[in-house]
>>> print(open('coords.cif').read())   # mmCIF, C-alpha atoms (C1' of nucleotides)
data_final
loop_
_atom_site.label_atom_id
_atom_site.label_comp_id
_atom_site.auth_asym_id
_atom_site.auth_seq_id
_atom_site.Cartn_x
_atom_site.Cartn_y
_atom_site.Cartn_z
CA MET A 1 8.59 0.22 -23.03
CA SER A 2 9.68 0.53 -19.40
CA LEU A 3 10.82 -3.01 -18.81
CA ARG A 4 13.75 -2.00 -20.96
CA TYR A 5 14.82 0.62 -18.41
CA ALA A 6 14.04 -1.58 -15.44
CA VAL A 7 16.48 -4.17 -16.79
CA LEU A 8 19.12 -1.55 -17.53
CA ALA A 9 18.70 -0.14 -14.01
CA ALA A 10 19.13 -3.61 -12.55
CA LEU A 11 22.50 -3.83 -14.31
CA VAL A 12 23.86 -0.48 -13.07
CA HIS A 13 25.67 -2.02 -10.12
CA GLY A 14 27.15 -5.01 -11.85
CA GLU A 15 26.76 -7.61 -14.53
CA ALA A 16 24.30 -10.49 -14.31
CA THR A 17 22.90 -13.39 -16.30
CA GLY A 18 19.33 -13.51 -17.55
CA TYR A 19 18.67 -16.18 -14.98
CA GLU A 20 19.82 -13.98 -12.10
CA LEU A 21 17.82 -11.01 -13.32
CA ALA A 22 14.79 -13.21 -13.88
CA LYS A 23 14.89 -14.32 -10.26
CA ARG A 24 15.06 -10.73 -9.00
CA PHE A 25 12.16 -9.60 -11.16
CA ASP A 26 9.99 -12.67 -10.77
CA ALA A 27 10.28 -13.33 -7.06
CA GLY A 28 9.17 -9.77 -6.44
CA VAL A 29 12.58 -9.19 -4.95
CA ALA A 30 12.99 -6.28 -7.27
CA ASN A 31 10.60 -4.13 -5.32
CA PHE A 32 9.90 -1.67 -8.08
CA TRP A 33 9.11 -3.73 -11.17
CA HIS A 34 7.65 -7.15 -11.82
CA ALA A 35 8.41 -9.35 -14.84
CA ARG A 36 8.53 -13.03 -15.76
CA PRO A 37 11.70 -14.82 -16.83
CA GLN A 38 10.58 -15.08 -20.46
CA GLN A 39 10.20 -11.33 -20.60
CA ILE A 40 13.66 -10.78 -19.18
CA TYR A 41 15.32 -13.08 -21.72
CA ALA A 42 13.45 -11.42 -24.58
CA GLU A 43 14.33 -7.95 -23.32
CA LEU A 44 18.01 -8.83 -22.91
CA THR A 45 18.08 -10.07 -26.51
CA ARG A 46 16.61 -6.77 -27.68
CA LEU A 47 18.96 -4.70 -25.51
CA HIS A 48 21.87 -6.66 -26.91
CA GLU A 49 20.73 -6.02 -30.49
CA SER A 50 20.53 -2.30 -29.69
CA GLU A 51 23.99 -2.54 -28.11
CA LEU A 52 22.78 -1.11 -24.82
CA VAL A 53 24.24 -4.16 -23.09
CA ARG A 54 27.17 -6.36 -23.96
CA ALA A 55 27.12 -10.10 -23.44
CA THR A 56 29.97 -12.36 -22.42
CA GLU A 57 29.55 -16.08 -22.93
CA VAL A 58 30.88 -18.03 -19.98
CA PRO A 59 31.24 -21.78 -20.61
CA GLN A 60 30.79 -23.93 -17.53
CA ARG A 61 31.52 -27.58 -16.79
CA ASN A 62 28.40 -29.67 -16.52
CA ARG A 63 26.13 -26.65 -16.90
CA PRO A 64 24.84 -24.84 -19.95
CA THR A 65 26.97 -21.93 -21.10
CA LYS A 66 25.67 -18.75 -19.59
CA ARG A 67 25.64 -15.22 -20.97
CA VAL A 68 26.67 -12.51 -18.55
CA PHE A 69 25.29 -9.08 -19.42
CA ALA A 70 26.71 -5.67 -18.57
CA LEU A 71 25.76 -2.10 -19.48
CA THR A 72 27.53 -0.39 -22.36
CA ASP A 73 28.10 3.37 -22.37
CA ALA A 74 25.11 3.68 -24.68
CA GLY A 75 23.10 1.73 -22.11
CA VAL A 76 24.06 4.16 -19.35
CA ALA A 77 23.17 7.09 -21.62
CA GLU A 78 19.78 5.50 -22.28
CA LEU A 79 19.14 5.29 -18.54
CA VAL A 80 20.16 8.90 -18.03
CA ALA A 81 17.71 9.96 -20.72
CA PHE A 82 14.97 7.84 -19.15
CA ALA A 83 15.50 9.43 -15.75
CA ALA A 84 14.96 12.88 -17.25
CA ALA A 85 11.78 11.90 -19.11
CA PRO A 86 8.33 12.29 -17.52
CA LYS A 87 7.31 9.29 -15.44
CA GLN A 88 4.01 7.49 -15.47
CA PRO A 89 2.37 7.27 -12.07
CA THR A 90 2.79 4.06 -10.10
CA ALA A 91 0.59 1.24 -11.37
CA LEU A 92 -0.63 -1.11 -8.71
CA ARG A 93 -2.61 -4.32 -9.17
CA ASP A 94 -3.52 -6.21 -6.05
CA GLU A 95 -5.99 -9.10 -6.12
CA LEU A 96 -6.17 -9.27 -2.35
CA MET A 97 -7.34 -5.65 -2.23
CA VAL A 98 -10.09 -6.47 -4.71
CA ALA A 99 -11.31 -9.18 -2.34
CA VAL A 100 -11.03 -6.84 0.65
CA GLN A 101 -13.04 -4.17 -1.17
CA ALA A 102 -15.78 -6.79 -1.38
CA ALA A 103 -15.47 -7.61 2.34
CA ASP A 104 -19.13 -6.92 2.98
CA VAL A 105 -20.32 -9.75 0.76
CA VAL A 106 -17.62 -12.42 1.16
CA ASP A 107 -16.87 -14.91 3.93
CA PRO A 108 -14.76 -13.15 6.58
CA ASP A 109 -12.84 -16.35 7.40
CA VAL A 110 -11.72 -16.68 3.81
CA LEU A 111 -10.54 -13.06 3.82
CA VAL A 112 -8.68 -13.45 7.10
CA GLU A 113 -6.85 -16.44 5.70
CA ALA A 114 -5.85 -14.51 2.59
CA LEU A 115 -4.72 -11.55 4.71
CA ASP A 116 -2.64 -13.91 6.81
CA ARG A 117 -0.88 -15.26 3.76
CA GLN A 118 -0.23 -11.72 2.53
CA ALA A 119 1.19 -10.70 5.91
CA GLU A 120 3.44 -13.75 5.92
CA ARG A 121 4.68 -12.93 2.43
CA ALA A 122 5.35 -9.34 3.50
CA ARG A 123 7.37 -10.53 6.50
CA ARG A 124 9.49 -12.78 4.31
CA LYS A 125 10.17 -9.97 1.85
CA LEU A 126 10.93 -7.66 4.75
CA ALA A 127 13.49 -10.09 6.15
CA HIS A 128 15.08 -10.25 2.73
CA PHE A 129 15.25 -6.47 2.38
CA ARG A 130 16.77 -6.16 5.84
CA ASP A 131 19.51 -8.58 4.76
CA VAL A 132 20.10 -6.51 1.65
CA GLU A 133 20.20 -3.33 3.73
CA ARG A 134 22.74 -4.82 6.12
CA SER A 135 24.95 -5.96 3.28
CA ILE A 136 24.73 -2.53 1.60
CA LEU A 137 25.58 -0.58 4.75
CA SER A 138 28.07 -3.25 5.89
CA GLY A 139 28.60 -1.73 9.30
CA ARG A 140 28.62 1.93 8.33
CA THR A 141 26.07 4.37 9.67
CA GLU A 142 23.75 5.88 7.11
CA GLU A 143 25.58 9.21 7.25
CA GLU A 144 28.99 7.64 6.60
CA PHE A 145 27.50 5.49 3.90
CA VAL A 146 25.82 8.32 1.98
CA ARG A 147 29.04 10.34 1.86
CA THR A 148 31.12 7.50 0.45
CA THR A 149 28.95 5.14 -1.55
CA ARG A 150 28.42 4.55 -5.20
CA HIS A 151 25.43 2.40 -4.32
CA LEU A 152 22.93 4.98 -3.17
CA GLY A 153 20.30 3.80 -5.68
CA PRO A 154 19.94 0.28 -4.32
CA TYR A 155 19.88 1.63 -0.78
CA LEU A 156 17.04 4.05 -1.58
CA THR A 157 14.91 1.40 -3.30
CA CYS A 158 15.71 -1.13 -0.58
CA ARG A 159 14.49 1.31 2.08
CA ALA A 160 11.33 1.85 0.02
CA GLY A 161 10.83 -1.92 0.05
CA ILE A 162 11.36 -2.09 3.81
CA ARG A 163 8.83 0.66 4.43
CA LEU A 164 6.30 -0.83 2.02
CA GLU A 165 6.48 -4.35 3.42
CA THR A 166 6.40 -3.10 7.01
CA GLU A 167 3.26 -1.13 6.25
CA THR A 168 1.70 -4.05 4.41
CA ALA A 169 2.24 -6.44 7.31
CA GLN A 170 0.86 -3.92 9.80
CA TRP A 171 -2.15 -3.10 7.68
CA CYS A 172 -2.93 -6.82 7.25
CA ALA A 173 -2.80 -7.36 11.01
CA TRP A 174 -5.10 -4.37 11.57
CA ALA A 175 -7.54 -5.52 8.89
CA ILE A 176 -7.68 -9.01 10.41
CA GLU A 177 -8.46 -7.49 13.80
CA LEU A 178 -11.33 -5.45 12.39
CA LEU A 179 -12.77 -8.42 10.52
CA ARG A 180 -12.61 -10.51 13.67
CA ALA A 181 -14.17 -7.72 15.71
CA ARG A 182 -17.11 -7.65 13.35
CA GLN A 183 -17.32 -11.43 13.27
CA GLY A 184 -17.52 -11.30 17.07
CA ARG A 185 -20.76 -9.34 16.70
CA ASP A 186 -22.20 -11.76 14.16
CA GLN A 187 -21.00 -15.07 15.46
CA ALA A 188 -20.42 -14.86 19.20
CA PRO A 189 -24.20 -14.90 19.76
CA LYS A 190 -24.39 -18.19 17.88
CA ALA A 191 -21.99 -19.68 20.42
CA ASN A 192 -23.19 -17.84 23.53
CA CYS A 193 -26.94 -17.74 23.02
CA PRO A 194 -28.45 -21.03 21.93
CA THR A 195 -31.73 -19.14 21.50
CA ALA A 196 -30.44 -17.05 18.60
CA MET B 1 -8.85 -11.98 -15.85
CA SER B 2 -8.81 -9.97 -12.64
CA LEU B 3 -10.10 -6.69 -14.00
CA ARG B 4 -13.42 -8.49 -14.10
CA TYR B 5 -13.41 -8.91 -10.32
CA ALA B 6 -12.02 -5.45 -9.69
CA VAL B 7 -15.01 -3.99 -11.54
CA LEU B 8 -17.46 -6.24 -9.71
CA ALA B 9 -15.88 -5.25 -6.38
CA ALA B 10 -16.23 -1.59 -7.28
CA LEU B 11 -19.96 -2.14 -7.71
CA VAL B 12 -20.54 -3.89 -4.37
CA HIS B 13 -21.56 -0.71 -2.59
CA GLY B 14 -23.80 0.72 -5.23
CA GLU B 15 -24.48 1.12 -8.89
CA ALA B 16 -22.37 3.29 -11.18
CA THR B 17 -21.92 4.24 -14.82
CA GLY B 18 -18.92 3.22 -16.88
CA TYR B 19 -17.82 6.82 -16.77
CA GLU B 20 -17.80 6.94 -12.98
CA LEU B 21 -15.96 3.64 -12.68
CA ALA B 22 -13.48 4.75 -15.32
CA LYS B 23 -12.61 7.81 -13.27
CA ARG B 24 -12.03 5.76 -10.15
CA PHE B 25 -9.79 3.26 -11.93
CA ASP B 26 -7.95 5.72 -14.14
CA ALA B 27 -7.18 8.50 -11.71
CA GLY B 28 -5.61 5.95 -9.43
CA VAL B 29 -8.35 6.77 -7.01
CA ALA B 30 -9.14 3.11 -6.82
CA ASN B 31 -6.08 2.35 -4.77
CA PHE B 32 -5.96 -1.34 -5.52
CA TRP B 33 -6.31 -1.66 -9.28
CA HIS B 34 -5.47 0.48 -12.27
CA ALA B 35 -7.31 0.47 -15.61
CA ARG B 36 -8.07 2.83 -18.47
CA PRO B 37 -11.60 3.93 -19.38
CA GLN B 38 -11.64 1.84 -22.57
CA GLN B 39 -10.91 -1.26 -20.52
CA ILE B 40 -13.74 -0.49 -18.12
CA TYR B 41 -16.29 -0.04 -20.90
CA ALA B 42 -15.20 -3.26 -22.57
CA GLU B 43 -15.30 -5.16 -19.29
CA LEU B 44 -18.76 -3.85 -18.42
CA THR B 45 -20.02 -5.04 -21.81
CA ARG B 46 -18.62 -8.52 -21.12
CA LEU B 47 -20.00 -8.59 -17.57
CA HIS B 48 -23.38 -7.61 -18.92
CA GLU B 49 -23.28 -10.39 -21.53
CA SER B 50 -22.46 -12.86 -18.75
CA GLU B 51 -25.31 -11.39 -16.70
CA LEU B 52 -23.05 -10.63 -13.76
CA VAL B 53 -24.25 -7.04 -13.89
CA ARG B 54 -27.52 -5.54 -14.98
CA ALA B 55 -27.71 -2.27 -16.89
CA THR B 56 -30.35 0.43 -16.63
CA GLU B 57 -30.51 3.04 -19.35
CA VAL B 58 -31.09 6.50 -17.93
CA PRO B 59 -32.03 9.13 -20.51
CA GLN B 60 -30.90 12.65 -19.62
CA ARG B 61 -31.75 16.08 -20.97
CA ASN B 62 -28.91 17.61 -22.92
CA ARG B 63 -26.58 14.71 -22.17
CA PRO B 64 -26.13 11.32 -23.78
CA THR B 65 -28.17 8.52 -22.26
CA LYS B 66 -26.11 6.77 -19.64
CA ARG B 67 -26.11 3.16 -18.57
CA VAL B 68 -26.09 2.56 -14.83
CA PHE B 69 -24.68 -0.81 -13.83
CA ALA B 70 -25.41 -2.85 -10.73
CA LEU B 71 -24.39 -6.32 -9.53
CA THR B 72 -26.74 -9.24 -10.10
CA ASP B 73 -26.90 -12.16 -7.66
CA ALA B 74 -24.71 -14.10 -10.06
CA GLY B 75 -22.24 -11.21 -9.94
CA VAL B 76 -22.09 -11.35 -6.16
CA ALA B 77 -21.60 -15.11 -6.33
CA GLU B 78 -18.75 -14.61 -8.77
CA LEU B 79 -17.05 -12.23 -6.32
CA VAL B 80 -17.50 -14.67 -3.45
CA ALA B 81 -15.84 -17.38 -5.53
CA PHE B 82 -13.00 -15.04 -6.45
CA ALA B 83 -12.34 -14.17 -2.81
CA ALA B 84 -11.91 -17.85 -2.00
CA ALA B 85 -9.52 -18.54 -4.90
CA PRO B 86 -5.75 -18.22 -4.50
CA LYS B 87 -4.50 -14.67 -5.07
CA GLN B 88 -1.55 -13.61 -7.15
CA PRO B 89 0.96 -11.53 -5.25
CA THR B 90 0.79 -7.75 -5.62
CA ALA B 91 2.21 -6.53 -8.92
CA LEU B 92 3.90 -3.16 -8.74
CA ARG B 93 5.32 -1.14 -11.61
CA ASP B 94 6.93 2.13 -10.73
CA GLU B 95 8.97 4.09 -13.26
CA LEU B 96 10.25 6.49 -10.63
CA MET B 97 11.76 3.59 -8.69
CA VAL B 98 13.56 2.46 -11.83
CA ALA B 99 15.15 5.90 -12.08
CA VAL B 100 15.99 5.89 -8.36
CA GLN B 101 17.64 2.48 -8.67
CA ALA B 102 19.93 4.14 -11.23
CA ALA B 103 20.64 7.07 -8.89
CA ASP B 104 24.38 6.53 -9.05
CA VAL B 105 24.58 7.29 -12.76
CA VAL B 106 21.85 9.92 -13.30
CA ASP B 107 21.72 13.64 -12.55
CA PRO B 108 20.64 14.09 -8.91
CA ASP B 109 18.74 17.31 -9.69
CA VAL B 110 16.59 15.49 -12.20
CA LEU B 111 15.84 12.78 -9.65
CA VAL B 112 14.99 15.27 -6.93
CA GLU B 113 12.54 16.96 -9.25
CA ALA B 114 10.87 13.66 -10.08
CA LEU B 115 10.70 12.73 -6.38
CA ASP B 116 9.12 16.08 -5.65
CA ARG B 117 6.41 15.47 -8.21
CA GLN B 118 5.78 12.00 -6.79
CA ALA B 119 5.52 13.40 -3.25
CA GLU B 120 3.08 16.04 -4.44
CA ARG B 121 0.96 13.40 -6.17
CA ALA B 122 0.99 11.30 -2.99
CA ARG B 123 -0.16 14.28 -0.90
CA ARG B 124 -3.05 14.93 -3.27
CA LYS B 125 -4.14 11.29 -3.17
CA LEU B 126 -3.76 11.31 0.60
CA ALA B 127 -6.03 14.34 0.89
CA HIS B 128 -8.58 12.54 -1.26
CA PHE B 129 -8.45 9.36 0.83
CA ARG B 130 -8.85 11.40 4.02
CA ASP B 131 -12.02 12.91 2.55
CA VAL B 132 -13.28 9.44 1.69
CA GLU B 133 -12.43 8.22 5.19
CA ARG B 134 -14.30 11.12 6.79
CA SER B 135 -17.35 10.49 4.64
CA ILE B 136 -17.28 6.76 5.42
CA LEU B 137 -16.97 7.23 9.18
CA SER B 138 -19.29 10.28 9.13
CA GLY B 139 -18.60 11.24 12.71
CA ARG B 140 -18.54 7.76 14.22
CA THR B 141 -15.47 6.39 15.96
CA GLU B 142 -13.86 3.41 14.31
CA GLU B 143 -15.22 1.08 16.98
CA GLU B 144 -18.82 2.26 16.56
CA PHE B 145 -18.41 2.13 12.81
CA VAL B 146 -17.10 -1.42 12.64
CA ARG B 147 -19.99 -2.75 14.71
CA THR B 148 -22.67 -1.18 12.56
CA THR B 149 -21.43 -0.78 9.02
CA ARG B 150 -22.05 -2.60 5.80
CA HIS B 151 -19.18 -0.66 4.28
CA LEU B 152 -16.18 -2.23 5.96
CA GLY B 153 -14.55 -3.12 2.62
CA PRO B 154 -14.17 0.45 1.37
CA TYR B 155 -12.94 1.54 4.80
CA LEU B 156 -10.23 -1.13 4.84
CA THR B 157 -8.97 -0.32 1.34
CA CYS B 158 -9.21 3.42 2.04
CA ARG B 159 -7.02 2.99 5.12
CA ALA B 160 -4.55 0.99 3.01
CA GLY B 161 -4.47 3.92 0.59
CA ILE B 162 -3.88 6.40 3.41
CA ARG B 163 -1.01 4.35 4.78
CA LEU B 164 0.53 3.79 1.36
CA GLU B 165 0.41 7.44 0.31
CA THR B 166 1.67 8.64 3.69
CA GLU B 167 4.63 6.29 3.42
CA THR B 168 5.28 7.32 -0.17
CA ALA B 169 5.37 11.01 0.67
CA GLN B 170 7.68 10.41 3.65
CA TRP B 171 10.00 8.16 1.69
CA CYS B 172 10.25 10.74 -1.12
CA ALA B 173 11.17 13.48 1.37
CA TRP B 174 13.80 11.23 2.93
CA ALA B 175 15.24 10.24 -0.46
CA ILE B 176 15.45 13.90 -1.50
CA GLU B 177 17.36 14.68 1.69
CA LEU B 178 19.88 11.93 1.06
CA LEU B 179 20.39 12.97 -2.55
CA ARG B 180 20.94 16.57 -1.45
CA ALA B 181 23.32 15.45 1.28
CA ARG B 182 25.43 13.65 -1.27
CA GLN B 183 25.23 16.55 -3.69
CA GLY B 184 26.55 18.77 -0.90
CA ARG B 185 29.74 16.70 -0.92
CA ASP B 186 30.11 16.86 -4.70
CA GLN B 187 28.98 20.36 -5.49
CA ALA B 188 29.53 22.61 -2.49
CA PRO B 189 33.29 22.58 -3.23
CA LYS B 190 32.60 23.92 -6.71
CA ALA B 191 30.96 26.97 -5.16
CA ASN B 192 33.21 27.36 -2.12
CA CYS B 193 36.64 26.54 -3.52
CA PRO B 194 37.43 28.29 -6.78
CA THR B 195 40.62 26.23 -6.87
CA ALA B 196 38.77 22.95 -7.41
"C1'" DC C 1 14.74 -41.95 -7.99
"C1'" DG C 2 12.19 -37.62 -7.73
"C1'" DT C 3 12.64 -32.82 -7.31
"C1'" DC C 4 15.06 -28.53 -7.13
"C1'" DA C 5 18.54 -25.25 -9.06
"C1'" DC C 6 20.89 -23.91 -13.10
"C1'" DA C 7 20.30 -21.84 -17.78
"C1'" DT C 8 17.85 -20.57 -21.87
"C1'" DG C 9 14.41 -19.83 -24.79
"C1'" DT C 10 9.70 -20.26 -28.50
"C1'" DA C 11 4.80 -19.68 -29.63
"C1'" DA C 12 0.13 -18.67 -28.81
"C1'" DA C 13 -3.16 -16.33 -26.16
"C1'" DA C 14 -4.62 -12.86 -23.13
"C1'" DG C 15 -4.46 -8.34 -21.33
"C1'" DG C 16 -3.50 -3.33 -21.60
"C1'" DT C 17 -2.35 1.20 -23.94
"C1'" DT C 18 -2.73 4.74 -27.51
"C1'" DA C 19 -4.95 7.04 -30.96
"C1'" DC C 20 -9.13 8.29 -32.80
"C1'" DA C 21 -14.23 9.49 -32.94
"C1'" DT C 22 -18.57 12.03 -31.45
"C1'" DG C 23 -21.28 15.62 -29.47
"C1'" DA C 24 -23.65 18.74 -26.03
"C1'" DT C 25 -22.98 21.82 -21.83
"C1'" DT C 26 -20.92 24.47 -18.43
"C1'" DC C 27 -17.29 27.34 -16.58
"C1'" DG C 28 -13.87 30.83 -16.71
"C1'" DC D 1 -14.36 31.23 -27.25
"C1'" DG D 2 -11.37 27.54 -25.49
"C1'" DA D 3 -11.18 24.01 -22.09
"C1'" DA D 4 -13.10 20.80 -19.06
"C1'" DT D 5 -16.94 17.56 -17.89
"C1'" DC D 6 -20.25 14.25 -19.18
"C1'" DA D 7 -20.77 9.80 -21.75
"C1'" DT D 8 -19.55 6.16 -24.79
"C1'" DG D 9 -17.02 3.43 -27.54
"C1'" DT D 10 -13.69 1.16 -31.96
"C1'" DA D 11 -9.28 -0.29 -33.94
"C1'" DA D 12 -4.49 -0.98 -34.03
"C1'" DC D 13 -0.72 -1.83 -31.55
"C1'" DC D 14 2.20 -3.14 -27.76
"C1'" DT D 15 3.10 -5.77 -23.46
"C1'" DT D 16 2.52 -9.60 -20.50
"C1'" DT D 17 1.22 -14.21 -19.32
"C1'" DT D 18 0.84 -19.16 -19.97
"C1'" DA D 19 2.13 -23.31 -21.83
"C1'" DC D 20 5.66 -25.84 -23.72
"C1'" DA D 21 10.60 -27.41 -24.58
"C1'" DT D 22 15.44 -29.09 -23.15
"C1'" DG D 23 19.18 -31.00 -20.44
"C1'" DT D 24 22.64 -31.75 -16.39
"C1'" DG D 25 23.99 -32.08 -11.61
"C1'" DA D 26 23.24 -31.96 -6.74
"C1'" DC D 27 20.57 -33.22 -2.71
"C1'" DG D 28 17.81 -36.05 0.12
#
>>> encode(input="coords.cif", output="structure tokens")
Amino acid sequence: MSLRYAVLAALVHGEATGYELAKRFDAGVANFWHARPQQIYAELTRLHESELVRATEVPQRNRPTKRVFALTDAGVAELVAFAAAPKQPTALRDELMVAVQAADVVDPDVLVEALDRQAERARRKLAHFRDVERSILSGRTEEEFVRTTRHLGPYLTCRAGIRLETETAQWCAWAIELLRARQGRDQAPKANCPTA
Amino acid sequence: MSLRYAVLAALVHGEATGYELAKRFDAGVANFWHARPQQIYAELTRLHESELVRATEVPQRNRPTKRVFALTDAGVAELVAFAAAPKQPTALRDELMVAVQAADVVDPDVLVEALDRQAERARRKLAHFRDVERSILSGRTEEEFVRTTRHLGPYLTCRAGIRLETETAQWCAWAIELLRARQGRDQAPKANCPTA
DNA sequence: CGTCACATGTAAAAGGTTACATGATTCG
DNA sequence: CGAATCATGTAACCTTTTACATGTGACG
């Protein structure tokens, strides 16, 4: 039932089409909830039926008509109620970590490659979040910003994303080092000592 | 299909009962995958049918007979194949973050309370991971450990958990500060200026 | 001339959660 | 004497993923 609130929350700071929301949730750009486009479209339909969002059809030349969604007052009220309700703990599912947990039985080279890809992905997301941060602050210091903004929410979650992706990239680099260090023990002899 | 591999990975470093695995996956103690007990039992049944794990029935006095599961060679092979296959990006679902994203329309006190609970949860998990780390290293330095261990996997994921929970607790504290700072602007006048 | 971005969905299958069920023992 | 721990599941329901479907315009 939480996708409902995730979509509402994504609309707090302005209207959007299903397509735009889908990109945020699918690309992992929304750093707090993940969902596929099909889910977003279905959820928007349901939210519209419940009148928690209103839809405006915008005809376009040479493109399909799009529906722009915005929160209704009832939608805002729903979010307020959600915020007050007890939260489920964070649910994490990470295939790479499953592979890493099995590090002692799998090929280290394969793991290092996967860790490299993960680190690269983290750096890309980090760059994105830094852009978002810059555009949110738009020149103000954090102190100035906090006292004047109506966009504290996005700033807080953006900072969470920055911290998370920074950590991820650093951890990957550290893990790669350790795997290589151990490989050094196992494989250097093969290269250095033809007798082995 | 990944729960399958998560369970196999959890068995790499020793046998366990469904009950023990269920605790690890449910309590969020397994820091890389989340699953409910019912899922674990069902998955173990399937893994057993596929002969990726073997089960040993252990009768106990005054307790129901338990089934202790261990990886078979085929199970290890399955894990090796999984490690080499492309990984899906990390999927995160965090209800608290949804509420934080909506910070500009919800009651700040309610959010601060929720952030406090999250920080507390993070500190508890952190304490647990530190215990695990200590018991893995058991007095050795990291360098010694890496050169001699067959338990690098658990150490790597444990360190990821430590970093993640540390970050989470710090971010929560920072977010609380910012919310309070903004509240100061809105609410201090109410107390200090009876004219307002 | 192929592929990407825009823009929206349906339908079937897989995966995950919630509620329920059982039953002894130990701890406070 | 009630609650938590050990130990295992079934059944119904809800959520999520995957595969499929459609059509134009811009870019290289």
>>> resolve_selection(input="coords.cif", expression="the PyMOL selection byres ((chain D and resi 18-26) around 7)", output="ChimeraX atom specification")
/A:62-63 /D:17,27
>>> residues_around(input="coords.cif", residues="His13 of chain A", least_positions_apart="6", cutoff="9 Å", atoms="only C-alpha atoms (C1' of nucleotides)", output="list in words")
Arg150, His151 and Pro154 of chain A; Ala102 and Asp104 of chain B
>>> closest_atom_pairs(input="coords.cif", of="chain C", to="chain A", cutoff="9 Å", atoms="all atoms listed in the file", output="CSV")
residue,atom,partner,partner_atom,distance
C:DC6,C1',A:Arg63,CA,7.0
C:DA7,C1',A:Pro64,CA,5.9
C:DT8,C1',A:Tyr41,CA,7.9
C:DG9,C1',A:Tyr41,CA,7.5
>>> resolve_selection(input="coords.cif", expression="the PyMOL selection byres ((chain D) within 10 of (chain B))", output="PDB file with C-alpha atoms (C1' of nucleotides), in the coordinates of the input")
ATOM      1  C1'  DC D   6     -20.250  14.250 -19.180  1.00  0.00           C
ATOM      2  C1'  DA D   7     -20.770   9.800 -21.750  1.00  0.00           C
ATOM      3  C1'  DT D   8     -19.550   6.160 -24.790  1.00  0.00           C
ATOM      4  C1'  DG D   9     -17.020   3.430 -27.540  1.00  0.00           C
ATOM      5  C1'  DT D  10     -13.690   1.160 -31.960  1.00  0.00           C
TER       6       DT D  10
END
>>> resolve_selection(input="coords.cif", expression="the PyMOL selection byres ((chain B) within 6 of (chain A))", output="PyMOL selection string")
chain B and resi 6+9+32-33+80+83-84+87+90-95+97-104+106+110+147+150+153-154+182
>>> residues_near_point(input="coords.cif", point="(-25.6, 0.5, -14.2)", cutoff="7 Å", atoms="all atoms listed in the file", output="ChimeraX atom specification")
/B:15-17,54-56,67-70
>>> atom_distance(input="coords.cif", atom1="atom C1' of DT16 of chain D", atom2="atom CA of Arg24 of chain A")
17.1 Å
>>> atom_distance(input="coords.cif", atom1="atom CA of Asp73 of chain B", atom2="atom CA of Ile40 of chain B")
20.5 Å
>>> atom_distance(input="coords.cif", atom1="atom CA of Phe129 of chain A", atom2="atom CA of Glu165 of chain A")
9.1 Å
>>> axis_aligned_box(input="coords.cif", around="segment 2-16 of chain C", padding_each_side="3 Å", output="JSON")
{"center_x": 8.1, "center_y": -20.5, "center_z": -18.4, "size_x": 31.5, "size_y": 40.3, "size_z": 28.5}
